[in-house]
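*Asks:* The structure under discussion is supplied below as structure tokens; questions concerning it will follow.
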Amino acid sequence: MKREMKKSVAVLLAIVTITAIFANPLYAAAVSWEDALYKLDSVLLEKLETMSSSDCVDVSVWLQDIDYDEVNQETQQALQTKVSMGKASENVLQLSMCQQNNMADGLLTLQNTGYLAEADVTASQDAQVYIETRRFVAAQAYEEQNTSLYHMLFPAEEGGLLRIQKQQQPALLYISAYAPNILLTLTKDQIYKIVRYACVQSIDYFDNDLPGADAAQEPEIELTAAASVDSSYFHTTGITAMKNKGYTGANVKIGMFESGVPITTQGTKYRQVFDHMIDENNASNTRLHIRPQDVAKGSDHASLVACLLVGKTSSYTGAVPDAQLYCAASSANSVSETYEGIEWLIAQGVNVINFSWIYVNTGNNSYDVYAKWFDHLVYNHSVSIVNAAGNGTVENGTKVNQNRVGRNAMAYNIITVGNYDSYQQTVGTSTAYNTIATLAYKPDLVAPGYRLITPLNTNTGATGTSLSAPIVTGAVAQLCQVFSYFKTKPVALKAFLLAGAVKTQQMKAFDADNDSSNNVDSLSGSWRMGLCRKNGAGMLNALNAYTVLYNSNYFYFPNFGSSNNGYSETIHVTSTTKRLQICLNWLKKNTVSGSDHSTGTVNDASRDTYLLEILDPDGETLYNSWYRYDTKEYIAFTPSRTGTYTVKIQKSGTQGQDVTVAWFQ
């Protein structure tokens, strides 16, 4: 169907742009008609078919990417200056080289110097200096290139065959500061004109007025003092155990995007919860940072999410009460405002972003323009994003959760969180999940999100994936504090969390029933991942993830090479009663130019896929995991004997990528 549509519009495209080909020298580098048409996504093509030449539509234009070799060189130069000024230790230069050149031996050098000592403050500061310096350099490059290409594509005046003529200017919604991406309102003619430019990589339909929603549901938040605060949700997820070890978020920056921001009005219960983060006399001591234009957008929902993250009273502490919290908000259902708010958080140097806001999907989950942008941010800017899966939708009075995962939550590189009802031992009735067999397993894992109680709501509690997400965000922040090197490695953090997840009661029930199609534990001779469509890898356990990291139960490959040669590593299994969980995770490359990058094409089946195998002590293959529609593989089983097992990784494709294999038993 897509090919037929493209053929039908080819003639129109030729008519619209034939004059420009002769008039504008930019078309010297124009691509062929066929290649140009394949830059338009199928949804946009359908809309163009019914539009007149002057009708308008919102689109997301992806441009050629910046030169990251230049970004890395400028970053190194800037860091050298900061070292000479005493703003960072010399080890930050080694850290930078390790990151930029994908050096496994660079990581070893850092370990040998003691730079990666547990909870090392200097190392944490250096990692933050590196992250913020590189983001600043990249933002300057994106601003220069995106602005330049915009003016090139849409000049105020253009030379025609006979005279200079003024050009109709498009409505500019947003120019990204951290991606080769511009959001615009264009006419049909303008789309057909610019799609032939070589610098335009793709044009996607962009619904800027898509309804957004906080991912929390009944019962409504009741902002009256709770008689008692039951924070067992922190105990069951290992958060409390990590806090007892001293991992309270110190030297970690968390971003939070919401429909509003925390309320900090003097004399209210809100202020009591966040007062420990505010110093009226010394702004440099303040740890609650709200984007200036959002200060007046206080909301109950944002306050509750922030309380779960960093709240603190005499009888309650959030997941990471010593972290820095940066807050941005969108007051309307405007996706371009979301882009702007998220990129403001990136600019503040945050290590992890909590996104308890979803763009509602009414069915037929897809990987679209919103998810693609999220994946680009994670891959290029060393930031973890934790996203609520969403709470499903109501159709004809009935709650529907299947394939209602929020659009942004379908991104591959982020951590998508479902809501687990700890009381009923099942995925909550207000959590969405994906069952479409050609898309990623979402959620990635689950966390408590049913009737959670904090100092800001009553004993009836609040429910929704909005509340599950900040618990996982807190766990990510705790891991960032353990070894600050991994602030720069969201690919590894996700692998640690999934490897350490706990099999839920519902997952156990699936394995015990007579329906083998919903089995979770890996099956001998099967290629299926050992994940659950509803529960992902299972219930979050921050302490297990810490154990993976602390005991070095992982292999990290900064660049898995450009060939499909396999790799093998051995692990030692000491128990026949405990489940062994092995997670392979890699990132989707949503840079959009160059022979070694993906095009960012939606549902790109040719992207790299990995085969994960485990062999028994005799060298015989026990289990496989191969699923071409995701960026993770998972094997989980209870070993029948102890001994040395072999983990093998085989890849398809030729792209080198950051890859992490983590295991827990």
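Lettering and numbering for the structure tokens are positional, with chains as A, B, ... in the shown order, residues counted from 1 in each chain, and ligands counted from 1 in the shown order.
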Any idea what's packed within 8 Å of Val472 (chain A), counting only C-alpha atoms, ignoring anything in its chain fewer than 3 positions away? Could you give it as a ChimeraX atom specification?
*Replies:* /A:386,417,447,468-469,475-476,540
*Asks:* I need the residue nearest Thr642 (chain A) from this list: A:Asn541, A:Gln125, A:Thr576, A:Asn72. Use only C-alpha atoms for the distance.
*Replies:*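 Checking each of A:Asn541, A:Gln125, A:Thr576, A:Asn72 against Thr642 (chain A), counting only C-alpha atoms, the winner is A:Thr576.
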*Asks:* Could you jot down the CA of Lys489 (chain A) to CA of Thr133 (chain A) separation for me, Å, one decimal place?
*Replies:* 16.1 Å
*Asks:* Could you pull out the helix (DSSP H, G or I) residues of region 332-396 of chain A from DSSP and send them as number ranges by chain?
*Replies:* A: 335-347, 369-381
*Asks:* Using only C-alpha atoms, which protein or nucleic acid residues come within 10 Å of Arg135 (chain A)? Drop anything in the same chain fewer than 3 positions from it, and give the result as a list in words.
*Replies:*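 Surrounding residues, per the criterion: Val71, Thr75, Val129, Tyr130, Ile131, Glu132, Ala138, Ala139, Gln140, Ala141, Ala177, Tyr178, Ile346, Ala347, Gln348, Gly349, Asn380, His381 and Ser382 of chain A.
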*Asks:* Kindly export the residues of the current selection with N, CA, C and O atoms, as a PDB file, in the first residue's frame.
*Replies:*
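Written output follows (out35.pdb):
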ATOM      1  N   VAL A  71      32.392  16.934  17.822  1.00  0.00           N
ATOM      2  CA  VAL A  71      31.866  17.165  19.167  1.00  0.00           C
ATOM      3  C   VAL A  71      32.823  16.588  20.208  1.00  0.00           C
ATOM      4  O   VAL A  71      33.142  17.233  21.222  1.00  0.00           O
ATOM      5  N   THR A  75      34.885  18.613  22.978  1.00  0.00           N
ATOM      6  CA  THR A  75      34.654  18.250  24.376  1.00  0.00           C
ATOM      7  C   THR A  75      35.980  18.033  25.090  1.00  0.00           C
ATOM      8  O   THR A  75      36.189  18.506  26.211  1.00  0.00           O
ATOM      9  N   VAL A 129      30.890  16.623  35.139  1.00  0.00           N
ATOM     10  CA  VAL A 129      31.559  17.632  34.307  1.00  0.00           C
ATOM     11  C   VAL A 129      31.637  17.147  32.862  1.00  0.00           C
ATOM     12  O   VAL A 129      31.372  17.901  31.918  1.00  0.00           O
ATOM     13  N   TYR A 130      31.995  15.878  32.690  1.00  0.00           N
ATOM     14  CA  TYR A 130      32.073  15.330  31.330  1.00  0.00           C
ATOM     15  C   TYR A 130      30.712  15.376  30.645  1.00  0.00           C
ATOM     16  O   TYR A 130      30.588  15.839  29.502  1.00  0.00           O
ATOM     17  N   ILE A 131      29.678  14.893  31.337  1.00  0.00           N
ATOM     18  CA  ILE A 131      28.335  14.849  30.744  1.00  0.00           C
ATOM     19  C   ILE A 131      27.877  16.236  30.331  1.00  0.00           C
ATOM     20  O   ILE A 131      27.413  16.459  29.203  1.00  0.00           O
ATOM     21  N   GLU A 132      27.996  17.189  31.220  1.00  0.00           N
ATOM     22  CA  GLU A 132      27.473  18.522  30.954  1.00  0.00           C
ATOM     23  C   GLU A 132      28.308  19.246  29.896  1.00  0.00           C
ATOM     24  O   GLU A 132      27.767  20.009  29.089  1.00  0.00           O
ATOM     25  N   ALA A 138      27.516  19.657  22.122  1.00  0.00           N
ATOM     26  CA  ALA A 138      26.563  19.106  21.156  1.00  0.00           C
ATOM     27  C   ALA A 138      25.414  20.075  20.904  1.00  0.00           C
ATOM     28  O   ALA A 138      24.978  20.244  19.756  1.00  0.00           O
ATOM     29  N   ALA A 139      24.925  20.717  21.955  1.00  0.00           N
ATOM     30  CA  ALA A 139      23.814  21.667  21.800  1.00  0.00           C
ATOM     31  C   ALA A 139      24.210  22.835  20.912  1.00  0.00           C
ATOM     32  O   ALA A 139      23.407  23.302  20.089  1.00  0.00           O
ATOM     33  N   GLN A 140      25.430  23.327  21.064  1.00  0.00           N
ATOM     34  CA  GLN A 140      25.894  24.413  20.198  1.00  0.00           C
ATOM     35  C   GLN A 140      25.931  23.961  18.741  1.00  0.00           C
ATOM     36  O   GLN A 140      25.531  24.709  17.838  1.00  0.00           O
ATOM     37  N   ALA A 141      26.415  22.729  18.529  1.00  0.00           N
ATOM     38  CA  ALA A 141      26.491  22.215  17.157  1.00  0.00           C
ATOM     39  C   ALA A 141      25.104  22.029  16.564  1.00  0.00           C
ATOM     40  O   ALA A 141      24.861  22.344  15.390  1.00  0.00           O
ATOM     41  N   ALA A 177      17.356  21.257  20.297  1.00  0.00           N
ATOM     42  CA  ALA A 177      18.713  21.615  20.707  1.00  0.00           C
ATOM     43  C   ALA A 177      19.579  20.388  20.928  1.00  0.00           C
ATOM     44  O   ALA A 177      20.781  20.523  21.161  1.00  0.00           O
ATOM     45  N   TYR A 178      18.989  19.200  20.850  1.00  0.00           N
ATOM     46  CA  TYR A 178      19.743  17.985  21.138  1.00  0.00           C
ATOM     47  C   TYR A 178      19.493  16.863  20.133  1.00  0.00           C
ATOM     48  O   TYR A 178      19.866  15.720  20.377  1.00  0.00           O
ATOM     49  N   ILE A 346      17.680  18.155  29.913  1.00  0.00           N
ATOM     50  CA  ILE A 346      18.965  17.676  29.393  1.00  0.00           C
ATOM     51  C   ILE A 346      20.034  18.739  29.605  1.00  0.00           C
ATOM     52  O   ILE A 346      21.164  18.457  30.015  1.00  0.00           O
ATOM     53  N   ALA A 347      19.675  19.985  29.345  1.00  0.00           N
ATOM     54  CA  ALA A 347      20.632  21.083  29.471  1.00  0.00           C
ATOM     55  C   ALA A 347      21.082  21.294  30.913  1.00  0.00           C
ATOM     56  O   ALA A 347      22.162  21.849  31.154  1.00  0.00           O
ATOM     57  N   GLN A 348      20.284  20.855  31.873  1.00  0.00           N
ATOM     58  CA  GLN A 348      20.663  21.006  33.282  1.00  0.00           C
ATOM     59  C   GLN A 348      21.616  19.905  33.741  1.00  0.00           C
ATOM     60  O   GLN A 348      22.075  19.908  34.883  1.00  0.00           O
ATOM     61  N   GLY A 349      21.900  18.948  32.867  1.00  0.00           N
ATOM     62  CA  GLY A 349      22.846  17.893  33.199  1.00  0.00           C
ATOM     63  C   GLY A 349      22.249  16.721  33.951  1.00  0.00           C
ATOM     64  O   GLY A 349      22.972  15.978  34.630  1.00  0.00           O
ATOM     65  N   ASN A 380      22.508   9.439  22.416  1.00  0.00           N
ATOM     66  CA  ASN A 380      23.527  10.457  22.158  1.00  0.00           C
ATOM     67  C   ASN A 380      23.924  11.297  23.363  1.00  0.00           C
ATOM     68  O   ASN A 380      24.960  11.955  23.318  1.00  0.00           O
ATOM     69  N   HIS A 381      23.116  11.297  24.436  1.00  0.00           N
ATOM     70  CA  HIS A 381      23.368  12.279  25.489  1.00  0.00           C
ATOM     71  C   HIS A 381      23.480  11.678  26.890  1.00  0.00           C
ATOM     72  O   HIS A 381      23.321  12.388  27.882  1.00  0.00           O
ATOM     73  N   SER A 382      23.772  10.390  26.977  1.00  0.00           N
ATOM     74  CA  SER A 382      24.079   9.750  28.262  1.00  0.00           C
ATOM     75  C   SER A 382      23.019  10.033  29.318  1.00  0.00           C
ATOM     76  O   SER A 382      23.338  10.379  30.456  1.00  0.00           O
TER      77      SER A 382
END
*Asks:* Work out how far CA of Tyr339 (chain A) is from CA of Tyr174 (chain A), in Å to one decimal.
*Replies:*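 Between these atoms lies a distance of 7.9 Å.
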*Asks:* Kindly give the distance, in Å, that separates CA of Gln505 (chain A) and CA of Thr426 (chain A), rounded to a single decimal.
*Replies:*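 If I compute the distance from CA of Gln505 (chain A) to CA of Thr426 (chain A), I get 6.8 Å.
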*Asks:* Using DSSP on the backbone coordinates, identify all residues within region 395-621 of chain A classified as strand (DSSP E); present the result as JSON, numbers by chain.
*Replies:* {"A": [395, 398, 399, 400, 415, 416, 417, 418, 419, 420, 421, 426, 427, 445, 446, 447, 448, 554, 555, 556, 557, 567, 568, 569, 570, 571, 572, 573, 580, 581, 582, 583, 584, 585, 586, 609, 610, 611, 612, 613, 614, 615, 621]}
*Asks:* Which polymer residues have any atom within 9 Å of an atom of Ile415 (chain A), counting only C-alpha atoms, with same-chain residues fewer than 4 positions away left out, as a PyMOL selection string?
*Replies:* chain A and resi 384-388+409+411+442-445+469+472+494
*Asks:* Do you know which residues are at most 8 Å from Asn208 (chain A) counting only C-alpha atoms, after dropping those on the same chain fewer than 3 positions away, and could you put them as a list in words?
*Replies:*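 The residues satisfying every condition are Asp58, Asn333, Ser334, Val335 and Ser336 of chain A.
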